[in-house]
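**Student:** Contents are compact mmCIF, C-alpha atoms; file name query34.txt:
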# COMPACT_ATOMS: atom_id res chain seq x y z
CA MET B 823 -3.92 -17.20 -26.52
CA ILE B 824 -1.47 -14.43 -25.63
CA ARG B 825 -2.81 -11.30 -23.99
CA SER B 826 -1.65 -8.14 -22.24
CA TYR B 827 -2.03 -7.80 -18.50
CA SER B 828 -0.76 -6.01 -15.42
CA LEU B 829 0.69 -8.00 -12.55
CA PRO B 830 -1.06 -7.49 -9.18
CA LYS B 831 1.02 -5.60 -6.65
CA LYS B 832 0.91 -8.51 -4.20
CA TYR B 833 3.25 -10.58 -6.35
CA PRO B 834 6.99 -10.72 -5.57
CA PHE B 835 9.13 -8.00 -7.04
CA TYR B 836 11.03 -10.30 -9.35
CA ALA B 837 7.79 -11.55 -10.90
CA THR B 838 7.82 -8.49 -13.14
CA PHE B 839 10.26 -10.46 -15.26
CA ALA B 840 7.69 -13.25 -15.57
CA VAL B 841 7.65 -13.06 -19.35
CA VAL B 842 11.31 -14.06 -19.48
CA LEU B 843 10.72 -16.89 -17.04
CA LEU B 844 7.65 -18.17 -18.86
CA TYR B 845 9.31 -18.20 -22.24
CA LEU B 846 12.63 -19.63 -21.15
CA GLY B 847 10.76 -22.88 -20.87
CA SER B 848 9.33 -25.26 -18.32
CA VAL B 849 10.77 -28.66 -19.24
CA ALA B 850 13.53 -29.57 -16.81
CA HIS B 851 16.44 -31.94 -17.25
CA ALA B 852 19.36 -32.67 -14.94
CA ALA B 853 17.83 -30.48 -12.24
CA PRO B 854 18.32 -27.12 -14.00
CA ILE B 855 17.99 -23.88 -12.09
CA THR B 856 14.93 -21.82 -12.93
CA LEU B 857 15.12 -18.11 -13.61
CA GLU B 858 12.88 -17.49 -10.60
CA ALA B 859 15.34 -19.36 -8.36
CA ALA B 860 18.20 -17.32 -9.81
CA PHE B 861 16.29 -14.11 -9.05
CA ALA B 862 15.71 -15.21 -5.46
CA LYS B 863 19.42 -15.90 -4.98
CA VAL B 864 20.37 -12.50 -6.41
CA ILE B 865 17.86 -10.57 -4.29
CA ALA B 866 19.07 -12.32 -1.14
CA SER B 867 22.80 -11.89 -1.67
CA HIS B 868 23.71 -9.22 -4.24
CA PRO B 869 26.01 -6.70 -2.48
CA GLN B 870 24.52 -3.63 -4.18
CA LEU B 871 21.05 -4.57 -2.96
CA ARG B 872 22.17 -5.42 0.56
CA GLY B 873 23.82 -2.00 0.86
CA PHE B 874 20.41 -0.33 0.62
CA ASP B 875 19.44 -1.79 4.00
CA LEU B 876 22.15 0.28 5.65
CA GLN B 877 21.11 3.36 3.69
CA SER B 878 17.55 2.87 4.92
CA GLU B 879 18.79 2.84 8.51
CA VAL B 880 20.68 6.09 7.91
CA ARG B 881 17.66 7.83 6.35
CA GLU B 882 15.40 6.55 9.09
CA ALA B 883 17.70 8.06 11.72
CA GLU B 884 17.77 11.34 9.77
CA LEU B 885 13.96 11.37 9.73
CA ALA B 886 13.86 10.83 13.49
CA VAL B 887 16.29 13.69 14.03
CA ALA B 888 14.31 15.99 11.73
CA THR B 889 11.16 15.56 13.81
CA LEU B 890 12.86 16.60 17.06
CA PRO B 891 12.14 20.07 18.44
CA PRO B 892 14.99 22.63 18.76
CA GLN B 893 17.50 21.70 21.39
CA MET B 894 17.49 23.62 24.71
CA SER B 895 20.58 24.43 26.73
CA VAL B 896 21.43 25.18 30.35
CA GLY B 897 24.19 27.64 31.16
CA VAL B 898 26.07 28.87 34.23
CA SER B 899 28.14 32.06 34.31
CA ILE B 900 30.24 33.73 37.00
CA GLU B 901 31.10 37.42 36.89
CA ASN B 902 33.37 39.65 38.99
CA ALA B 903 35.61 36.89 40.34
CA VAL B 904 39.35 36.08 40.48
CA GLY B 905 40.26 39.72 39.99
CA SER B 906 41.95 42.23 42.29
CA GLY B 907 41.01 43.89 45.51
CA ASP B 908 37.49 43.02 46.69
CA TYR B 909 37.04 40.79 43.64
CA ARG B 910 40.05 38.63 44.34
CA SER B 911 37.92 35.70 45.50
CA PHE B 912 34.42 34.43 44.66
CA ASP B 913 32.80 36.24 47.62
CA ALA B 914 31.77 39.28 45.56
CA SER B 915 31.04 37.38 42.38
CA GLU B 916 27.65 37.26 40.65
CA LYS B 917 26.41 33.85 39.58
CA THR B 918 23.83 33.37 36.83
CA LEU B 919 21.92 30.21 35.90
CA THR B 920 20.17 30.34 32.49
CA LEU B 921 17.93 28.22 30.32
CA ALA B 922 18.09 29.03 26.57
CA GLY B 923 16.20 27.79 23.54
CA LEU B 924 15.09 28.58 20.02
CA ILE B 925 11.64 29.39 18.67
CA GLU B 926 11.45 28.23 15.05
CA ARG B 927 9.15 30.27 12.85
CA GLY B 928 7.71 29.72 9.37
CA GLY B 929 7.16 25.95 9.59
CA LYS B 930 10.83 25.01 9.45
CA ARG B 931 10.34 21.86 11.46
CA GLU B 932 7.58 20.57 9.18
CA ALA B 933 9.62 21.40 6.07
CA ARG B 934 12.65 19.66 7.53
CA ARG B 935 10.58 16.59 8.33
CA ALA B 936 9.11 16.55 4.80
CA MET B 937 12.57 16.67 3.28
CA ALA B 938 13.86 13.85 5.48
CA ALA B 939 10.77 11.77 4.63
CA ALA B 940 11.34 12.31 0.90
CA ARG B 941 14.99 11.28 1.24
CA PHE B 942 13.90 8.17 3.16
CA ASP B 943 11.41 7.23 0.41
CA ALA B 944 14.09 7.84 -2.21
CA VAL B 945 16.12 4.96 -0.80
CA GLY B 946 13.27 2.55 -1.53
CA VAL B 947 12.86 3.92 -5.03
CA GLU B 948 16.59 3.71 -5.69
CA ARG B 949 16.61 0.13 -4.43
CA SER B 950 13.70 -0.78 -6.71
CA ALA B 951 15.45 0.75 -9.71
CA MET B 952 18.72 -0.97 -8.85
CA GLN B 953 16.88 -4.24 -8.34
CA PHE B 954 15.34 -3.99 -11.80
CA ASP B 955 18.78 -3.39 -13.32
CA VAL B 956 20.32 -6.28 -11.39
CA LEU B 957 17.49 -8.66 -12.29
CA ALA B 958 17.68 -7.61 -15.93
CA GLU B 959 21.39 -8.43 -15.95
CA THR B 960 20.61 -11.77 -14.27
CA ALA B 961 18.03 -12.53 -16.95
CA ARG B 962 20.55 -11.68 -19.68
CA ARG B 963 23.18 -13.99 -18.21
CA TYR B 964 20.59 -16.71 -17.73
CA LEU B 965 19.57 -16.30 -21.37
CA ASP B 966 23.21 -16.52 -22.47
CA LEU B 967 23.51 -19.83 -20.64
CA ALA B 968 20.27 -21.13 -22.15
CA GLY B 969 21.43 -20.02 -25.59
CA TRP B 970 24.76 -21.85 -25.40
CA GLN B 971 22.97 -24.94 -24.16
CA ALA B 972 20.53 -24.72 -27.08
CA ARG B 973 23.40 -24.56 -29.57
CA GLN B 974 24.88 -27.85 -28.43
CA PRO B 975 22.12 -30.16 -29.81
CA LEU B 976 22.42 -28.38 -33.16
CA LEU B 977 26.17 -28.93 -33.23
CA GLU B 978 25.83 -32.53 -32.07
CA ALA B 979 23.37 -33.23 -34.88
CA GLU B 980 25.69 -31.45 -37.32
CA LEU B 981 28.64 -33.52 -36.09
CA ALA B 982 26.72 -36.76 -36.60
CA GLN B 983 25.77 -35.67 -40.13
CA ARG B 984 29.34 -34.62 -40.95
CA GLU B 985 30.65 -37.98 -39.75
CA ARG B 986 28.18 -39.73 -42.04
CA MET B 987 29.29 -37.50 -44.89
CA ALA B 988 32.95 -38.24 -44.15
CA ASP B 989 32.27 -42.01 -44.19
CA SER B 990 30.55 -41.66 -47.55
CA ALA B 991 33.40 -39.55 -48.95
CA ARG B 992 35.98 -42.10 -47.72
CA GLN B 993 34.04 -44.95 -49.33
CA ARG B 994 33.84 -43.06 -52.62
CA PHE B 995 37.59 -42.51 -52.51
CA THR B 996 38.24 -46.17 -51.65
CA ILE B 997 36.36 -47.42 -54.71
CA GLY B 998 38.01 -44.78 -56.90
CA ALA B 999 34.81 -42.78 -57.50
CA ALA B 1000 36.19 -39.56 -55.97
CA PRO B 1001 39.62 -38.05 -55.28
CA GLN B 1002 41.26 -38.24 -51.88
CA THR B 1003 40.95 -34.46 -51.63
CA MET B 1004 37.22 -34.74 -51.00
CA ALA B 1005 37.71 -37.39 -48.30
CA LEU B 1006 40.24 -35.21 -46.54
CA LYS B 1007 37.95 -32.18 -46.85
CA ALA B 1008 35.11 -34.16 -45.26
CA GLU B 1009 37.35 -35.25 -42.38
CA ALA B 1010 38.45 -31.64 -41.88
CA ASP B 1011 34.78 -30.59 -41.72
CA VAL B 1012 34.25 -33.22 -39.00
CA ALA B 1013 37.19 -31.86 -37.03
CA ALA B 1014 35.95 -28.28 -37.40
CA THR B 1015 32.45 -29.22 -36.22
CA ARG B 1016 33.88 -31.14 -33.26
CA ALA B 1017 35.97 -28.09 -32.32
CA ALA B 1018 32.90 -25.84 -32.55
CA LEU B 1019 31.00 -28.20 -30.25
CA SER B 1020 33.86 -28.18 -27.73
CA ALA B 1021 33.99 -24.37 -27.84
CA SER B 1022 30.23 -24.22 -27.32
CA ARG B 1023 30.48 -26.40 -24.22
CA MET B 1024 33.26 -24.20 -22.87
CA SER B 1025 31.18 -21.08 -23.52
CA ALA B 1026 28.25 -22.68 -21.67
CA ALA B 1027 30.51 -23.38 -18.67
CA VAL B 1028 31.72 -19.75 -18.69
CA ALA B 1029 28.13 -18.49 -18.97
CA ALA B 1030 27.18 -20.64 -15.97
CA ARG B 1031 29.97 -19.14 -13.89
CA ARG B 1032 29.02 -15.60 -14.96
CA LEU B 1033 25.46 -16.31 -13.84
CA ALA B 1034 26.59 -17.71 -10.48
CA LEU B 1035 28.65 -14.56 -9.86
CA MET B 1036 25.41 -12.58 -9.73
CA TRP B 1037 24.79 -14.10 -6.28
CA SER B 1038 28.51 -14.06 -5.34
CA ASP B 1039 29.10 -17.76 -6.01
CA ARG B 1040 32.75 -17.98 -7.05
CA THR B 1041 33.11 -21.74 -6.71
CA GLY B 1042 32.38 -22.30 -10.39
CA ALA B 1043 29.68 -24.85 -9.66
CA ALA B 1044 28.05 -26.12 -12.88
CA LEU B 1045 24.64 -24.63 -13.59
CA GLU B 1046 22.08 -25.62 -16.17
CA ALA B 1047 19.28 -23.39 -17.43
CA MET B 1048 15.80 -24.41 -18.44
CA PRO B 1049 15.57 -25.34 -22.16
CA LEU B 1050 14.24 -22.77 -24.59
CA PRO B 1051 10.72 -23.37 -25.96
CA ALA B 1052 10.24 -23.87 -29.67
CA SER B 1053 7.79 -21.03 -30.36
CA LEU B 1054 7.48 -17.31 -29.68
CA PRO B 1055 4.26 -15.56 -28.59
CA ALA B 1056 2.68 -12.72 -30.52
CA LEU B 1057 3.61 -9.19 -29.43
CA PRO B 1058 1.05 -6.51 -28.49
CA ALA B 1059 1.07 -3.18 -30.29
CA PHE B 1060 3.68 -0.59 -29.34
CA GLU B 1061 1.07 1.61 -27.65
CA ASP B 1062 0.27 -1.22 -25.22
CA PHE B 1063 3.90 -1.20 -24.13
CA ARG B 1064 4.03 2.58 -24.06
CA LYS B 1065 1.16 2.79 -21.56
CA ALA B 1066 3.38 1.15 -18.97
CA LEU B 1067 6.25 3.60 -19.52
CA PRO B 1068 5.23 6.05 -16.73
CA SER B 1069 6.03 3.31 -14.21
CA ALA B 1070 9.63 3.09 -15.45
CA PRO B 1071 12.09 3.04 -12.53
CA GLU B 1072 14.01 5.98 -14.01
CA LEU B 1073 10.88 8.17 -14.04
CA THR B 1074 9.92 7.02 -10.56
CA ARG B 1075 13.29 8.22 -9.33
CA PHE B 1076 12.62 11.61 -10.90
CA ALA B 1077 9.29 11.81 -9.06
CA THR B 1078 11.04 11.14 -5.75
CA GLU B 1079 13.78 13.66 -6.50
CA SER B 1080 11.07 16.19 -7.33
CA ARG B 1081 9.62 15.67 -3.84
CA ILE B 1082 13.04 16.28 -2.33
CA ARG B 1083 13.52 19.52 -4.25
CA GLU B 1084 10.00 20.66 -3.38
CA ALA B 1085 10.79 20.07 0.29
CA ARG B 1086 14.02 22.03 -0.14
CA LEU B 1087 12.03 24.93 -1.55
CA ARG B 1088 9.63 24.79 1.40
CA LEU B 1089 12.60 24.92 3.75
CA ALA B 1090 13.97 27.94 1.88
CA VAL B 1091 10.59 29.70 2.11
CA ALA B 1092 10.43 28.97 5.82
CA GLY B 1093 13.87 30.53 6.21
CA ALA B 1094 12.37 33.96 5.45
CA SER B 1095 10.90 33.94 8.96
CA ALA B 1096 13.72 34.61 11.38
CA ASP B 1097 14.01 32.33 14.39
CA VAL B 1098 13.99 33.76 17.90
CA ASP B 1099 16.73 32.87 20.39
CA TRP B 1100 15.45 33.26 23.96
CA GLU B 1101 17.13 33.04 27.32
CA LEU B 1102 15.67 32.94 30.81
CA GLY B 1103 17.51 32.64 34.12
CA VAL B 1104 18.23 33.81 37.65
CA ARG B 1105 21.19 35.79 38.96
CA HIS B 1106 22.58 35.85 42.47
CA LEU B 1107 23.76 39.32 43.49
CA ALA B 1108 26.59 38.89 45.97
CA ALA B 1109 26.50 42.51 47.22
CA THR B 1110 22.97 42.22 48.61
CA GLY B 1111 22.44 38.49 48.67
CA ASP B 1112 19.36 38.92 46.53
CA VAL B 1113 18.24 36.87 43.51
CA ALA B 1114 16.98 38.53 40.32
CA LEU B 1115 15.31 37.25 37.17
CA ILE B 1116 16.99 37.83 33.81
CA ALA B 1117 15.47 37.35 30.36
CA GLY B 1118 16.52 38.08 26.83
CA ALA B 1119 15.71 37.44 23.17
CA ARG B 1120 17.65 37.79 19.88
CA ILE B 1121 16.42 37.90 16.31
CA PRO B 1122 18.98 37.73 13.46
CA LEU B 1123 18.85 40.45 10.82
CA GLY B 1124 18.82 39.88 7.07
CA ALA B 1125 17.01 36.53 7.15
CA PRO B 1126 14.48 37.42 4.37
CA ARG B 1127 17.24 38.48 1.99
CA ARG B 1128 19.27 35.34 2.56
CA ALA B 1129 16.12 33.21 2.20
CA ALA B 1130 15.27 34.90 -1.10
CA TYR B 1131 18.58 33.72 -2.61
CA GLU B 1132 18.00 30.20 -1.29
CA GLN B 1133 14.49 30.19 -2.77
CA SER B 1134 15.84 31.24 -6.17
CA ILE B 1135 18.34 28.39 -6.10
CA ALA B 1136 15.68 25.87 -5.06
CA ARG B 1137 13.25 27.00 -7.77
CA ALA B 1138 15.95 26.82 -10.44
CA GLU B 1139 16.91 23.30 -9.38
CA ARG B 1140 13.27 22.22 -9.46
CA ALA B 1141 12.78 23.70 -12.95
CA ALA B 1142 15.95 22.04 -14.20
CA LEU B 1143 14.69 18.70 -12.90
CA GLU B 1144 11.50 19.08 -14.93
CA PHE B 1145 13.53 19.57 -18.12
CA GLU B 1146 15.71 16.57 -17.27
CA CYS B 1147 12.61 14.44 -16.73
CA GLU B 1148 11.12 15.56 -20.04
CA SER B 1149 14.37 14.70 -21.83
CA LEU B 1150 14.51 11.30 -20.14
CA GLU B 1151 10.94 10.52 -21.18
CA GLY B 1152 11.93 11.04 -24.81
CA GLN B 1153 14.99 8.82 -24.41
CA LEU B 1154 12.96 6.05 -22.76
CA ASP B 1155 10.34 6.29 -25.47
CA ALA B 1156 13.01 5.86 -28.15
CA ALA B 1157 14.64 2.96 -26.30
CA LEU B 1158 11.28 1.25 -25.88
CA LEU B 1159 10.49 1.68 -29.57
CA GLU B 1160 13.87 0.25 -30.53
CA ALA B 1161 13.40 -2.80 -28.28
CA TRP B 1162 9.86 -3.36 -29.60
CA ALA B 1163 11.08 -3.11 -33.20
CA GLN B 1164 13.91 -5.54 -32.43
CA ALA B 1165 11.45 -8.04 -30.97
CA ASN B 1166 9.16 -7.77 -34.00
CA ALA B 1167 12.05 -8.13 -36.43
CA ALA B 1168 13.33 -11.19 -34.58
CA ALA B 1169 9.87 -12.77 -34.55
CA ALA B 1170 9.47 -12.13 -38.27
CA GLN B 1171 12.87 -13.71 -38.95
CA VAL B 1172 12.00 -16.80 -36.91
CA GLN B 1173 8.70 -17.13 -38.75
CA ALA B 1174 10.38 -16.88 -42.17
CA LEU B 1175 13.17 -19.31 -41.30
CA GLU B 1176 11.01 -21.97 -39.67
CA SER B 1177 8.03 -21.86 -42.00
CA ASP B 1178 9.71 -21.28 -45.36
CA VAL B 1179 13.51 -21.44 -45.42
CA LEU B 1180 14.29 -24.46 -43.22
CA PRO B 1181 11.74 -26.88 -44.76
CA LYS B 1182 13.13 -26.18 -48.23
CA LEU B 1183 16.73 -26.47 -47.07
CA ARG B 1184 16.02 -29.79 -45.33
CA ASP B 1185 14.43 -31.12 -48.50
CA ALA B 1186 17.41 -29.83 -50.44
CA ALA B 1187 19.82 -31.59 -48.05
CA THR B 1188 17.94 -34.87 -48.39
CA SER B 1189 17.93 -34.54 -52.16
CA ALA B 1190 21.63 -33.60 -52.17
CA GLU B 1191 22.51 -36.72 -50.18
CA ARG B 1192 20.66 -38.95 -52.63
CA ALA B 1193 22.32 -37.20 -55.57
CA TYR B 1194 25.75 -37.62 -54.00
CA MET B 1195 25.20 -41.31 -53.40
CA ALA B 1196 24.13 -41.64 -57.02
CA GLY B 1197 27.25 -39.82 -58.19
CA ALA B 1198 25.33 -36.86 -59.57
CA LEU B 1199 26.64 -34.34 -57.06
CA SER B 1200 30.09 -33.54 -55.70
CA TYR B 1201 30.96 -33.53 -52.01
CA LEU B 1202 31.50 -29.76 -52.04
CA GLU B 1203 27.98 -29.20 -53.38
CA TRP B 1204 26.50 -31.55 -50.78
CA SER B 1205 28.56 -29.90 -48.03
CA GLU B 1206 27.39 -26.45 -49.10
CA VAL B 1207 23.74 -27.48 -48.83
CA GLN B 1208 24.34 -29.06 -45.41
CA GLY B 1209 26.13 -25.91 -44.27
CA SER B 1210 23.12 -23.83 -45.32
CA VAL B 1211 20.87 -25.96 -43.11
CA ARG B 1212 23.14 -25.44 -40.11
CA SER B 1213 23.40 -21.68 -40.76
CA ALA B 1214 19.61 -21.37 -40.97
CA LEU B 1215 19.15 -23.30 -37.70
CA GLU B 1216 21.70 -21.09 -35.94
CA ALA B 1217 20.07 -17.95 -37.38
CA ALA B 1218 16.66 -19.06 -36.08
CA LEU B 1219 18.11 -19.72 -32.62
CA GLU B 1220 19.87 -16.36 -32.57
CA ALA B 1221 16.65 -14.60 -33.60
CA LYS B 1222 14.79 -16.28 -30.73
CA LEU B 1223 17.50 -15.10 -28.34
CA ASP B 1224 17.26 -11.57 -29.78
CA TRP B 1225 13.51 -11.64 -29.14
CA ARG B 1226 14.06 -12.54 -25.51
CA ARG B 1227 16.79 -9.94 -25.09
CA ALA B 1228 14.40 -7.31 -26.41
CA MET B 1229 11.71 -8.46 -23.96
CA ILE B 1230 14.15 -8.20 -21.06
CA GLU B 1231 14.90 -4.61 -22.07
CA ILE B 1232 11.19 -3.78 -22.46
CA GLN B 1233 10.43 -5.06 -18.97
CA ARG B 1234 13.41 -3.22 -17.53
CA LEU B 1235 12.11 0.00 -19.08
CA THR B 1236 8.44 -0.40 -18.15
CA ALA B 1237 8.72 -2.36 -14.88
CA GLU B 1238 5.65 -4.25 -16.05
CA PRO B 1239 5.12 -7.80 -17.35
CA VAL B 1240 3.26 -7.20 -20.61
CA ILE B 1241 2.91 -10.76 -21.89
CA ALA B 1242 1.44 -13.75 -20.14
CA ALA B 1243 1.36 -17.42 -21.06
CA PRO B 1244 -2.02 -19.20 -21.32
As structure tokens - that is how I would like this structure written.

**Tutor:**
Amino acid sequence: MIRSYSLPKKYPFYATFAVVLLYLGSVAHAAPITLEAAFAKVIASHPQLRGFDLQSEVREAELAVATLPPQMSVGVSIENAVGSGDYRSFDASEKTLTLAGLIERGGKREARRAMAAARFDAVGVERSAMQFDVLAETARRYLDLAGWQARQPLLEAELAQRERMADSARQRFTIGAAPQTMALKAEADVAATRAALSASRMSAAVAARRLALMWSDRTGAALEAMPLPASLPALPAFEDFRKALPSAPELTRFATESRIREARLRLAVAGASADVDWELGVRHLAATGDVALIAGARIPLGAPRRAAYEQSIARAERAALEFECESLEGQLDAALLEAWAQANAAAAQVQALESDVLPKLRDAATSAERAYMAGALSYLEWSEVQGSVRSALEAALEAKLDWRRAMIEIQRLTAEPVIAAP
């Protein structure tokens, strides 16, 4: 029984592509690599994912800096020295030692910390989104490899059948029951099928190398995927998929960016309250030898007006982000619908080919072989029927691959595994 479910949060990140793993098969031969193992290699070594660790360090340092209080400074000044007359030396100079600082008003420090925290969280969200994209590409390349491997048994069986047909055509020509043209045509069909099999093996080798490049393996080591299963599971309704759409990585990134712009607005609002520069110190008066206290404060003018412009900019950016998010939701909805429709169409095609078309074509091929042996059918007619069987088998395989490609896209969009095996 196939059912919908949500994966518990404790599972590894790459388990969200469990549907692809489950339906790429579980029967191993020649020590094939599993999709889960491929995911683990990619997560551990993909350069784009490793770069996020450095970004996290940068954002963490920015957050630490944002929580620091305003910096204080110590100053020393000398007046009335190195002049003329009585002020030629330092004897009549006045020396001042000061301590200066800044009083932040309006909650600027808290707003700055909130913005740095949002930027730090954004790195994790960006990494998650990038990881989904990278794993989806890994799943596609893995599926390409599995698909080319699945084509080879079909071509091998076709080659064996074509060789049998060529032997029969040669025998008919030998006894004078058919022209040499048909024997040569049969041998050409054998050569063409053998060439297609060789090209399929080459394509499988290329697909294996493309997969290995996902974890930076450039040695070209041969890889083998798990075999594809024979059947496809039933799909839930579109609304079941759509419920998972709010967790899409693209929308999650918008939520994080919204936090950043909200923090920027808070910082702009806090800027309406002017900060106070203060200074406190002592001055040595050379004329009397006395020491006096000095103090001062400065408040910049025009801070509310400047802050009003910054608030307008921040509010406009936040409003624009809401429209962008709304537009993206519509695009994701359309993409999800297209992938769901593609999966349903592929499943319907597989059902029609395997339950109705292929059984009839196989019976037709068997009947055509008997008719040819009895001299009631020409080689071209027999070959046409055999070609129809091969075309139907390849169409069924391609439809199964299309179904899995659609499921990869659905999981990339929703970030949720929506189908489970029994």

**Student:** Counting only C-alpha atoms, which of B:Lys917, B:Gly873, B:Ser878, B:Ala936 gets nearest to Leu1115 of chain B?

**Tutor:** B:Lys917

**Student:** Grab the atom CA of Ser1080 of chain B to atom CA of Arg934 of chain B distance for me, in Å with one decimal place.

**Tutor:** 15.3 Å

**Student:** Within 9 Å of Val956 of chain B, counting all atoms listed in the file, which residues qualify if same-chain residues fewer than 6 places away don't, as a ChimeraX atom specification?

**Tutor:** /B:864-865,868,870-871,1036

**Student:** Distance atom CA of Val1104 of chain B-atom CA of Met894 of chain B, one decimal place?

**Tutor:**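 These atoms are spaced 16.5 Å apart.
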
**Student:** Residues within 6 Å of (32.6, -35.3, -44.6), file coordinates, counting only C-alpha atoms: what are they? Give the list as a PyMOL selection string.

**Tutor:** chain B and resi 984-985+987-988+1008-1009+1011

**Student:** If we count all atoms listed in the file, what is near segment 1135-1150 of chain B at a cut-off of 9 Å, once residues fewer than 4 positions away on the same chain are taken out, given as a PDB file with C-alpha atoms, keeping the file's coordinate frame?

**Tutor:**
ATOM      1  CA  GLU B1072      14.010   5.980 -14.010  1.00  0.00           C
ATOM      2  CA  LEU B1073      10.880   8.170 -14.040  1.00  0.00           C
ATOM      3  CA  PHE B1076      12.620  11.610 -10.900  1.00  0.00           C
ATOM      4  CA  ALA B1077       9.290  11.810  -9.060  1.00  0.00           C
ATOM      5  CA  GLU B1079      13.780  13.660  -6.500  1.00  0.00           C
ATOM      6  CA  SER B1080      11.070  16.190  -7.330  1.00  0.00           C
ATOM      7  CA  ARG B1083      13.520  19.520  -4.250  1.00  0.00           C
ATOM      8  CA  GLU B1084      10.000  20.660  -3.380  1.00  0.00           C
ATOM      9  CA  ARG B1086      14.020  22.030  -0.140  1.00  0.00           C
ATOM     10  CA  LEU B1087      12.030  24.930  -1.550  1.00  0.00           C
ATOM     11  CA  ARG B1088       9.630  24.790   1.400  1.00  0.00           C
ATOM     12  CA  ALA B1090      13.970  27.940   1.880  1.00  0.00           C
ATOM     13  CA  ALA B1130      15.270  34.900  -1.100  1.00  0.00           C
ATOM     14  CA  TYR B1131      18.580  33.720  -2.610  1.00  0.00           C
ATOM     15  CA  LEU B1154      12.960   6.050 -22.760  1.00  0.00           C
ATOM     16  CA  ASP B1155      10.340   6.290 -25.470  1.00  0.00           C
TER      17      ASP B1155
END

**Student:** Could you check the closest approach to Glu884 of chain B for each of B:Arg941, B:Lys930, B:Arg872, B:Arg1192 and tell me which residue wins, using only C-alpha atoms?

**Tutor:**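 Distance minimum relative to Glu884 of chain B lands on B:Arg941.
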
**Student:** Between B:Ala1066, B:Ala982, B:Ala1170, B:Leu967, which has the minimum distance to Arg1023 of chain B (counting all atoms listed in the file)?

**Tutor:** B:Leu967

**Student:** Give me, as a tab-separated table, each residue of segment 917-1018 of chain B that comes within 8 Å of segment 1210-1231 of chain B, together with its shortest interatomic pair and the distance in Å at one decimal, counting all atoms listed in the file, with rows ordered by chain and rising residue number.

**Tutor:**
residue	atom	partner	partner_atom	distance
B:Ala958	CA	B:Ile1230	CA	6.3
B:Ala961	CA	B:Ile1230	CA	7.1
B:Arg962	CA	B:Arg1227	CA	6.8
B:Leu965	CA	B:Leu1223	CA	7.4
B:Gly969	CA	B:Leu1223	CA	6.9
B:Ala972	CA	B:Leu1219	CA	7.8
B:Arg973	CA	B:Glu1216	CA	7.5
B:Leu976	CA	B:Leu1215	CA	7.6
B:Glu980	CA	B:Arg1212	CA	7.1

**Student:** May I have the residues from that selection written out with C-alpha atoms, as a tab-separated table (two decimals), in the frame of the given file?

**Tutor:**
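Saved result, result.tsv, follows:
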chain	number	residue	atom	x	y	z
B	958	ALA	CA	17.68	-7.61	-15.93
B	961	ALA	CA	18.03	-12.53	-16.95
B	962	ARG	CA	20.55	-11.68	-19.68
B	965	LEU	CA	19.57	-16.30	-21.37
B	969	GLY	CA	21.43	-20.02	-25.59
B	972	ALA	CA	20.53	-24.72	-27.08
B	973	ARG	CA	23.40	-24.56	-29.57
B	976	LEU	CA	22.42	-28.38	-33.16
B	980	GLU	CA	25.69	-31.45	-37.32

**Student:** Got a moment to write segment 1042-1059 of chain B out with C-alpha atoms, as a PDB file, in the first residue's frame?

**Tutor:**
ATOM      1  CA  GLY B1042      36.533   8.119 -14.244  1.00  0.00           C
ATOM      2  CA  ALA B1043      36.077   5.114 -11.986  1.00  0.00           C
ATOM      3  CA  ALA B1044      33.239   2.863 -13.206  1.00  0.00           C
ATOM      4  CA  LEU B1045      30.022   3.203 -11.231  1.00  0.00           C
ATOM      5  CA  GLU B1046      26.911   1.083 -11.331  1.00  0.00           C
ATOM      6  CA  ALA B1047      23.483   2.183 -10.136  1.00  0.00           C
ATOM      7  CA  MET B1048      20.830   0.090  -8.478  1.00  0.00           C
ATOM      8  CA  PRO B1049      18.468  -1.562 -11.011  1.00  0.00           C
ATOM      9  CA  LEU B1050      15.109   0.037 -11.670  1.00  0.00           C
ATOM     10  CA  PRO B1051      12.057  -1.746 -10.213  1.00  0.00           C
ATOM     11  CA  ALA B1052       9.392  -3.058 -12.535  1.00  0.00           C
ATOM     12  CA  SER B1053       6.375  -1.174 -11.156  1.00  0.00           C
ATOM     13  CA  LEU B1054       5.416   2.377 -10.237  1.00  0.00           C
ATOM     14  CA  PRO B1055       3.459   3.367  -7.104  1.00  0.00           C
ATOM     15  CA  ALA B1056       0.180   5.250  -7.219  1.00  0.00           C
ATOM     16  CA  LEU B1057       0.376   9.039  -6.885  1.00  0.00           C
ATOM     17  CA  PRO B1058      -1.550  11.056  -4.277  1.00  0.00           C
ATOM     18  CA  ALA B1059      -3.846  13.848  -5.374  1.00  0.00           C
TER      19      ALA B1059
END
